[in-house]
Every structure is written in C-alpha cells, then in structure tokens.
Number of protein chains: 4
Amino acid sequence: MRDLPRLGPIGDLDVSEWVGEPPDLDGQVVAIECFQMLCPGCVAHGLPQARKLAHTFGSDLVVLGLHTVFEHHEVTGPDALEVFLHEFGIHFPVAVDRQDDHTLPATMRRYGLEGTPTTLVIDKTGRLRFVHLGQVDDLALGVLLGQLLTEEPDGPPD
Amino acid sequence: MRDLPRLGPIGDLDVSEWVGEPPDLDGQVVAIECFQMLCPGCVAHGLPQARKLAHTFGSDLVVLGLHTVFEHHEVTGPDALEVFLHEFGIHFPVAVDRQDDHTLPATMRRYGLEGTPTTLVIDKTGRLRFVHLGQVDDLALGVLLGQLLTEEPDGPPD
Amino acid sequence: MRDLPRLGPIGDLDVSEWVGEPPDLDGQVVAIECFQMLCPGCVAHGLPQARKLAHTFGSDLVVLGLHTVFEHHEVTGPDALEVFLHEFGIHFPVAVDRQDDHTLPATMRRYGLEGTPTTLVIDKTGRLRFVHLGQVDDLALGVLLGQLLTEEPDGPPD
Amino acid sequence: MRDLPRLGPIGDLDVSEWVGEPPDLDGQVVAIECFQMLCPGCVAHGLPQARKLAHTFGSDLVVLGLHTVFEHHEVTGPDALEVFLHEFGIHFPVAVDRQDDHTLPATMRRYGLEGTPTTLVIDKTGRLRFVHLGQVDDLALGVLLGQLLTEEPDGPPD
C-alpha cells in the first residue's frame, strides 16, 4: 500500500474564533475540512463528507471545520457563518482562520493551501499526513483513516 | 393525462429589485424558482434544476429566480445574494421578493407559499399552473413543460 | 421549441414472441425500450427509465420492451429472458425481436438501430418521432412525451 | 475504533471452476464478492464496488468474485457467466461455488451466507473478518481495509 507522506507537525491552529468548543487534538486522528460558506464544492462535497465522517467515527476521530475565507469577507463574517452552520446541519466545531494583513488567512498560508474545499488529515502524533484540494473519494479517505487509526500511537518512524 | 390546475393569473411580481434584466413574460411559459440563498434544498436541488431548465430550453422558456427571504434577513441581503449568484453560476434573472411589515415577503403571501424551494410554472396566458414545495422530479417537470409549450397560445378554456 | 422529426409510420412490430400481453398501440403514445438482457447500459439506465415511465404515466402511455438480441444469443434466449424480467422487476410487456438469417434481428434492421439501449417514441398516429441510442435525460424525455400527449390526436401535418 | 470480529480461518474455497487464474491468497488481505449474475443488487452495487476495489488497491488487495448460484441455475451456467463477465467488464478472477445435492452451493453453506450480494473480507492470516449481505458503504469498507492492511502480518492475538 502506498505510504502516506509525513508533512510535519500541525502545531497550533492559528484561528481567531470558534463556533462550538475547541476540541482536544492530543493523541487523536483529526480530519479538518477547510471551506468557505459560499463555495459550491464545499457545500456539495466537502462538508457533507465531513458530516459523514463525524457520524461514522464518533469519538474515534476528531472532525472539525476551518473557515478559510479568502474572498467575499464582507458577506461571510461570523454572523453569516453561524446561520450557515445552523441551516446546513453542521454540528462539529468550526474555527475561523485568522485574517491578518494578507490576502490569504493565516492557516491557509502556513500549509500552502490553494483553495476550497481542502481536506487535511493529521495522525495521532500531530503530524499532517494528507492534504487534498477538491473532492475526495469515500473509499480512498476510508482507507487512509483506517491506516492512521491502526498505526501505533507513536506512529511509524520519520 | 392528468389535467393541470388553472390557479388564476400570476399578475405582476411584487418585487423590490432585480439582479439581471427583468424578463418579458408576455406570451411565454415561465418557471420561477423561489429560494433562499442559505437553504440547503435550494442549493442541492431547486437551483441546479432551474439552471438545467435554462440550459435545456433556451429562449422557449423564461426561467427566473425569486429570493423569498423569510428568515436570516440580516445575512442574506442584496450584497450577499449577488456574491451567492456569482459563485453558484446562476445567470438567469433573479428578483427579490418585497419585504414589508409581515414575516413573509409579499409574493410568498400572495401565492400562499409555505417554504423554499418552491417551483412555480406559468402558462403562455399568464396563469399559474403548477406550485410545488420541495424537490421536483425531472421527468414530471419535463412532461408539464412539454404540455404547456404545446398548448395553443390562448390555452384551454377555464 | 425544437420540432420533433416525423420518421414515418411504425407499422407492425416484427417480433417472434411476447412475454406478457401484446398491448394495443392504436391511438396511443408509445415508448419502446430496445435492450439486451446482458447489456450494462440497458440494466443501469434504459430499463430503469422505462420502468419509471410505466409508473409515472399509468394508462396515458404504452411502455413496452423489445429484446433486440444481436450477440450472445445462446445465453439470452426466452428462458433466460423470463428469469431476467422477473428478477429485475420489469412488469410491462416485452417482445422478442425476430431472429432470421441476418446478424441483426428484424426490427433493428427496419429502423436502422445501431445498438442497445435505444429508446423509440411513437405518436398517437403511429409515427416514429424519437430514436436515441444511449442514455436519455429524464427532463428531455419528459418534455417530448408532454408534447406528444398534448398534440391533437391527428397530430401536426406532415 | 470498533474491533473487527475474528470469524475463523477461511480455509480452501470449495469451488468447481475458475474464470481467470486462481489467485494466491497467502499472506494477503482478500475481498470476495459473492454474487449471482441475474441479481439486481449485485449488478448495481456489489460488482461495481468490487471493480473499484481492484482498481484502487492494485496488488495490495486480492479481489475475487464467487458465483454463488442458488436459483435459476439453468440460465446462469458457465457459458452465461463468461458472457456476463465480459460484457460487464469484470476482469478479476471469478470462481463458481460448488453445486452439490443441496439447495445452496457449498461455500454459501459453509459460511452461512443468506443471499447476494454478500461481501467477505479476509485478513493476512486467512481469517474471515467481515461478512455483509447487501450494499456496503464505500467509506466504511475503506476503513476496514485500511485497518487490515496496516495490521502486522501476524495480526492481533485471537
């Protein structure tokens, strides 16, 4: 089976606020769905898949959203985001990527993300193992998560 | 074949503004997609079907959207709507249902609409012939439009 | 709206046997699904759509199948066909296109059909109005059937 | 994560013939799709998923079909099966479950299978770990395969 890359530690998420409780990521496999609320591919594919992950895995997987806004900030602020999450039935915690003086928000810049939706997966040791822009196949994502959940907590050697 | 009801003349749309050019409805079969920009069923079913109608029928059918906002007005105003239409590739004209002192906007009240998405179809004589809340099957909608497009311009007698 | 072609009278179907009662086509709009029981596109698209037509239209439309076998005759004979129809829940009448000394069976040759699935639609005057090899979109097929069901029984002039 | 059951060794498959080369199962994770060629759920879900597994995993997973015929034997014999496999693009090896004097063929009886499609998954040590009648979700199947592929070759202790 194809080895998953080890893309370095995820570190702290540089976010400005949370909708919901910030989860404890320590020792957990984590899936982060990076989205914008007015991005069609996020609404059609990325967020429904993240919701399915939360439903399928329960407490075995931390699922969280990251609102990585890089356009249309004026109509996608925290008030609009809260309505969106409510209407679209998204109950996992969602963080807002920090807007500073750059076009792209802080977390997008740190990981070199190129758009939305982007799915990130982090192993139990806090290392980034998967980054994908666009639709992710359910079978392929399941295999990857099955691998990371089965790895020993100290993971394979770098 | 089941006769379509004749629900009376549609009259003028009571709207506060248009995104795009207000179309000429005179003598035309018209499909109106009533939606809210943060309504999941509208994004998943109603608006994609309206876009498909516009693409399939070209100039034989007038397709228009009606933004019938009855909740979350504060984050779904004209600026947000324009961004939404741009991002979701909606190129047919969209009117904004008039907000007055009632909970429901003016056109929703006039036709007794109960939610979104609601699809309305109007015949060549300007009479409302179809009202449906929720997802409409493509085959059934096609049959209805094929009927109305084939009826003589003066339509069947009331 | 694009005029439908008038492809001449359908005449009698040249078939060797029927599973189910041969329907009366006189004065009826008729949809014929030409298929082979071991053709993937027929099983995935053509036959489910024909079943949906029968369910949607009831007595307003005659739906029938035509088993136009042009390969693998040895394993798709009448016994196999009956099991197939039973297992796949096909309850509309199915005729077997006549095998004679040619590679293609009789009805396929008469209408110049080039493969399966092929959908044929016939108007109330018995003229062929639509021939399509491959998947047919539900919306487009609905429009066509709505047109033909609304035309006066004597149809438009040739 | 929910532990997978350990359902005992799979042993030798009791089959009467193979279409394609019998694969070497030794030390491999194996997915077996039990099907009948005239079973709608097999054609719609089971076999397309097995084909997707073969395509996704390549040599990391052994995928094979098992034709577990328990009805309509007379029209689903080896000749019909070979045509079916060719037409439906199934290129992984397929075995024919042994017909003896019982209603159900030998492998179905041994594992207590109750119908088709049934998906079996076997770990690297030859133990049956998953048995499911009906449609299997891609995400759930991926997780399971990711787990089994990551387990040490000697597997977890019984």
# chains A, B, ... in the order shown; residues from 1 in each chain; ligands from 1
>>> interface_residues(of="chain A", to="chain D", cutoff="7 Å", atoms="only C-alpha atoms", output="tab-separated table (two decimals) with C-alpha atoms, in the first residue's frame")
chain	number	residue	atom	x	y	z
A	1	MET	CA	0.00	0.00	0.00
A	60	ASP	CA	-12.57	7.71	17.30
A	138	ASP	CA	-15.05	8.00	0.19
A	139	LEU	CA	-13.23	4.70	-0.33
A	140	ALA	CA	-9.80	6.31	-0.52
A	141	LEU	CA	-10.47	8.50	2.51
A	142	GLY	CA	-11.69	5.49	4.47
A	143	VAL	CA	-8.52	3.54	3.70
A	144	LEU	CA	-6.34	6.42	4.86
A	145	LEU	CA	-8.29	6.83	8.11
A	146	GLY	CA	-8.26	3.08	8.73
A	147	GLN	CA	-4.48	3.14	8.36
A	150	THR	CA	-4.49	1.36	13.30
A	151	GLU	CA	-0.97	2.75	13.47
>>> select_by_dssp(residues="chain C", states="alpha helix (DSSP H)", output="JSON, numbers by chain")
{"C": [40, 41, 47, 48, 49, 50, 51, 52, 53, 54, 55, 56, 57, 78, 79, 80, 81, 82, 83, 84, 85, 86, 87, 106, 107, 108, 109, 110, 111, 138, 139, 140, 141, 142, 143, 144, 145, 146, 147, 148, 149, 150]}
>>> residues_around(residues="stretch 82-97 of chain B", least_positions_apart="3", cutoff="10 Å", atoms="only C-alpha atoms", output="ChimeraX atom specification")
/A:37-41,71-72,74-76 /B:13-23,32-35,37-38,43,47-48,50-51,54-55,62-70,76-79,100,104-108
>>> residues_around(residues="D:Gly27", least_positions_apart="5", cutoff="9 Å", atoms="only C-alpha atoms", output="ChimeraX atom specification")
/D:123-126,153
>>> write_last_selection(atoms="N, CA and C atoms", output="tab-separated table (two decimals), in the first residue's frame")
chain	number	residue	atom	x	y	z
D	123	ASP	N	-8.35	-11.44	6.42
D	123	ASP	CA	-7.10	-10.75	6.76
D	123	ASP	C	-5.87	-11.53	6.27
D	124	LYS	N	-4.68	-10.98	6.55
D	124	LYS	CA	-3.44	-11.56	6.02
D	124	LYS	C	-3.15	-12.94	6.56
D	125	THR	N	-3.80	-13.31	7.69
D	125	THR	CA	-3.56	-14.62	8.29
D	125	THR	C	-4.64	-15.62	7.86
D	126	GLY	N	-5.52	-15.19	6.92
D	126	GLY	CA	-6.50	-16.13	6.39
D	126	GLY	C	-7.76	-16.26	7.24
D	153	PRO	N	1.53	-8.49	9.95
D	153	PRO	CA	1.19	-9.73	9.23
D	153	PRO	C	0.72	-10.86	10.13
>>> atom_distance(atom1="atom CA of B:Ile122", atom2="atom CA of B:Val30")
5.0 Å
>>> residues_around(residues="C:Gly8", least_positions_apart="6", cutoff="9 Å", atoms="only C-alpha atoms", output="number ranges by chain")
C: 126-129
>>> write_last_selection(atoms="N, CA and C atoms", output="mmCIF file, in the first residue's frame")
data_model
loop_
_atom_site.group_PDB
_atom_site.id
_atom_site.type_symbol
_atom_site.label_atom_id
_atom_site.label_comp_id
_atom_site.auth_asym_id
_atom_site.auth_seq_id
_atom_site.Cartn_x
_atom_site.Cartn_y
_atom_site.Cartn_z
ATOM 1 N N GLY C 126 -49.213 6.792 -34.759
ATOM 2 C CA GLY C 126 -48.396 5.652 -35.137
ATOM 3 C C GLY C 126 -47.113 6.004 -35.873
ATOM 4 N N ARG C 127 -46.717 7.282 -35.815
ATOM 5 C CA ARG C 127 -45.466 7.659 -36.474
ATOM 6 C C ARG C 127 -44.327 7.716 -35.472
ATOM 7 N N LEU C 128 -43.164 7.240 -35.917
ATOM 8 C CA LEU C 128 -41.962 7.285 -35.072
ATOM 9 C C LEU C 128 -41.509 8.740 -34.967
ATOM 10 N N ARG C 129 -41.300 9.229 -33.737
ATOM 11 C CA ARG C 129 -40.944 10.635 -33.552
ATOM 12 C C ARG C 129 -39.605 10.836 -32.829
#
>>> select_by_dssp(residues="stretch 34-87 of chain B", states="strand (DSSP E or B)", output="ChimeraX atom specification")
/B:34-35,61-67
>>> write_last_selection(atoms="all heavy atoms", output="PDB file, in the first residue's frame")
ATOM      1  N   CYS B  34     -38.427  29.762  -6.446  1.00  0.00           N
ATOM      2  CA  CYS B  34     -38.445  30.544  -5.207  1.00  0.00           C
ATOM      3  C   CYS B  34     -37.449  29.913  -4.242  1.00  0.00           C
ATOM      4  O   CYS B  34     -37.554  28.724  -3.928  1.00  0.00           O
ATOM      5  CB  CYS B  34     -39.842  30.535  -4.598  1.00  0.00           C
ATOM      6  SG  CYS B  34     -41.098  31.160  -5.736  1.00  0.00           S
ATOM      7  N   PHE B  35     -36.485  30.701  -3.775  1.00  0.00           N
ATOM      8  CA  PHE B  35     -35.393  30.129  -2.986  1.00  0.00           C
ATOM      9  C   PHE B  35     -34.908  31.110  -1.934  1.00  0.00           C
ATOM     10  O   PHE B  35     -35.252  32.293  -1.949  1.00  0.00           O
ATOM     11  CB  PHE B  35     -34.233  29.741  -3.913  1.00  0.00           C
ATOM     12  CG  PHE B  35     -33.452  30.917  -4.443  1.00  0.00           C
ATOM     13  CD1 PHE B  35     -32.221  31.253  -3.897  1.00  0.00           C
ATOM     14  CD2 PHE B  35     -33.959  31.703  -5.478  1.00  0.00           C
ATOM     15  CE1 PHE B  35     -31.499  32.349  -4.376  1.00  0.00           C
ATOM     16  CE2 PHE B  35     -33.250  32.790  -5.957  1.00  0.00           C
ATOM     17  CZ  PHE B  35     -32.024  33.112  -5.404  1.00  0.00           C
ATOM     18  N   LEU B  61     -38.351  29.049 -22.980  1.00  0.00           N
ATOM     19  CA  LEU B  61     -38.873  29.095 -21.615  1.00  0.00           C
ATOM     20  C   LEU B  61     -38.202  30.249 -20.889  1.00  0.00           C
ATOM     21  O   LEU B  61     -36.989  30.432 -20.997  1.00  0.00           O
ATOM     22  CB  LEU B  61     -38.526  27.777 -20.902  1.00  0.00           C
ATOM     23  CG  LEU B  61     -38.940  27.627 -19.448  1.00  0.00           C
ATOM     24  CD1 LEU B  61     -40.450  27.427 -19.326  1.00  0.00           C
ATOM     25  CD2 LEU B  61     -38.216  26.428 -18.805  1.00  0.00           C
ATOM     26  N   VAL B  62     -38.982  31.042 -20.148  1.00  0.00           N
ATOM     27  CA  VAL B  62     -38.386  32.053 -19.287  1.00  0.00           C
ATOM     28  C   VAL B  62     -38.130  31.422 -17.925  1.00  0.00           C
ATOM     29  O   VAL B  62     -39.056  30.865 -17.312  1.00  0.00           O
ATOM     30  CB  VAL B  62     -39.315  33.278 -19.136  1.00  0.00           C
ATOM     31  CG1 VAL B  62     -38.737  34.263 -18.120  1.00  0.00           C
ATOM     32  CG2 VAL B  62     -39.529  33.955 -20.483  1.00  0.00           C
ATOM     33  N   VAL B  63     -36.893  31.460 -17.478  1.00  0.00           N
ATOM     34  CA  VAL B  63     -36.533  30.941 -16.156  1.00  0.00           C
ATOM     35  C   VAL B  63     -36.099  32.123 -15.302  1.00  0.00           C
ATOM     36  O   VAL B  63     -35.273  32.935 -15.748  1.00  0.00           O
ATOM     37  CB  VAL B  63     -35.389  29.913 -16.240  1.00  0.00           C
ATOM     38  CG1 VAL B  63     -34.982  29.440 -14.846  1.00  0.00           C
ATOM     39  CG2 VAL B  63     -35.798  28.737 -17.116  1.00  0.00           C
ATOM     40  N   LEU B  64     -36.658  32.226 -14.127  1.00  0.00           N
ATOM     41  CA  LEU B  64     -36.202  33.285 -13.222  1.00  0.00           C
ATOM     42  C   LEU B  64     -36.238  32.790 -11.785  1.00  0.00           C
ATOM     43  O   LEU B  64     -36.962  31.849 -11.439  1.00  0.00           O
ATOM     44  CB  LEU B  64     -37.003  34.577 -13.418  1.00  0.00           C
ATOM     45  CG  LEU B  64     -38.495  34.578 -13.235  1.00  0.00           C
ATOM     46  CD1 LEU B  64     -38.822  34.921 -11.782  1.00  0.00           C
ATOM     47  CD2 LEU B  64     -39.130  35.614 -14.169  1.00  0.00           C
ATOM     48  N   GLY B  65     -35.421  33.430 -10.975  1.00  0.00           N
ATOM     49  CA  GLY B  65     -35.358  33.130  -9.550  1.00  0.00           C
ATOM     50  C   GLY B  65     -36.092  34.202  -8.756  1.00  0.00           C
ATOM     51  O   GLY B  65     -36.197  35.344  -9.195  1.00  0.00           O
ATOM     52  N   LEU B  66     -36.604  33.804  -7.614  1.00  0.00           N
ATOM     53  CA  LEU B  66     -37.255  34.764  -6.726  1.00  0.00           C
ATOM     54  C   LEU B  66     -36.708  34.513  -5.316  1.00  0.00           C
ATOM     55  O   LEU B  66     -36.903  33.417  -4.760  1.00  0.00           O
ATOM     56  CB  LEU B  66     -38.768  34.562  -6.762  1.00  0.00           C
ATOM     57  CG  LEU B  66     -39.595  35.577  -5.959  1.00  0.00           C
ATOM     58  CD1 LEU B  66     -39.406  36.996  -6.487  1.00  0.00           C
ATOM     59  CD2 LEU B  66     -41.064  35.189  -5.988  1.00  0.00           C
ATOM     60  N   HIS B  67     -35.986  35.498  -4.790  1.00  0.00           N
ATOM     61  CA  HIS B  67     -35.365  35.330  -3.473  1.00  0.00           C
ATOM     62  C   HIS B  67     -36.412  35.678  -2.404  1.00  0.00           C
ATOM     63  O   HIS B  67     -36.597  36.843  -2.054  1.00  0.00           O
ATOM     64  CB  HIS B  67     -34.132  36.240  -3.360  1.00  0.00           C
ATOM     65  CG  HIS B  67     -33.167  35.801  -2.305  1.00  0.00           C
ATOM     66  ND1 HIS B  67     -32.466  36.680  -1.502  1.00  0.00           N
ATOM     67  CD2 HIS B  67     -32.795  34.560  -1.894  1.00  0.00           C
ATOM     68  CE1 HIS B  67     -31.695  35.995  -0.675  1.00  0.00           C
ATOM     69  NE2 HIS B  67     -31.867  34.710  -0.881  1.00  0.00           N
TER      70      HIS B  67
END
>>> residues_around(residues="A:Leu133", least_positions_apart="6", cutoff="7 Å", atoms="only C-alpha atoms", output="MDAnalysis selection string")
chainID A and resid 115:119
>>> write_last_selection(atoms="N, CA and C atoms", output="compact mmCIF listing (two decimals), in the first residue's frame")
# COMPACT_ATOMS: atom_id res chain seq x y z
N GLY A 115 -6.99 26.58 -2.18
CA GLY A 115 -8.40 26.82 -2.46
C GLY A 115 -9.27 26.01 -1.52
N THR A 116 -10.56 26.02 -1.81
CA THR A 116 -11.51 25.24 -1.01
C THR A 116 -12.41 24.44 -1.91
N PRO A 117 -12.93 23.27 -1.47
CA PRO A 117 -12.62 22.63 -0.19
C PRO A 117 -11.26 21.94 -0.22
N THR A 118 -10.57 22.01 0.92
CA THR A 118 -9.35 21.23 1.11
C THR A 118 -9.52 20.39 2.37
N THR A 119 -9.18 19.11 2.26
CA THR A 119 -9.26 18.19 3.40
C THR A 119 -7.86 17.92 3.92
>>> atom_distance(atom1="atom CA of C:His73", atom2="atom CA of D:His73")
17.6 Å
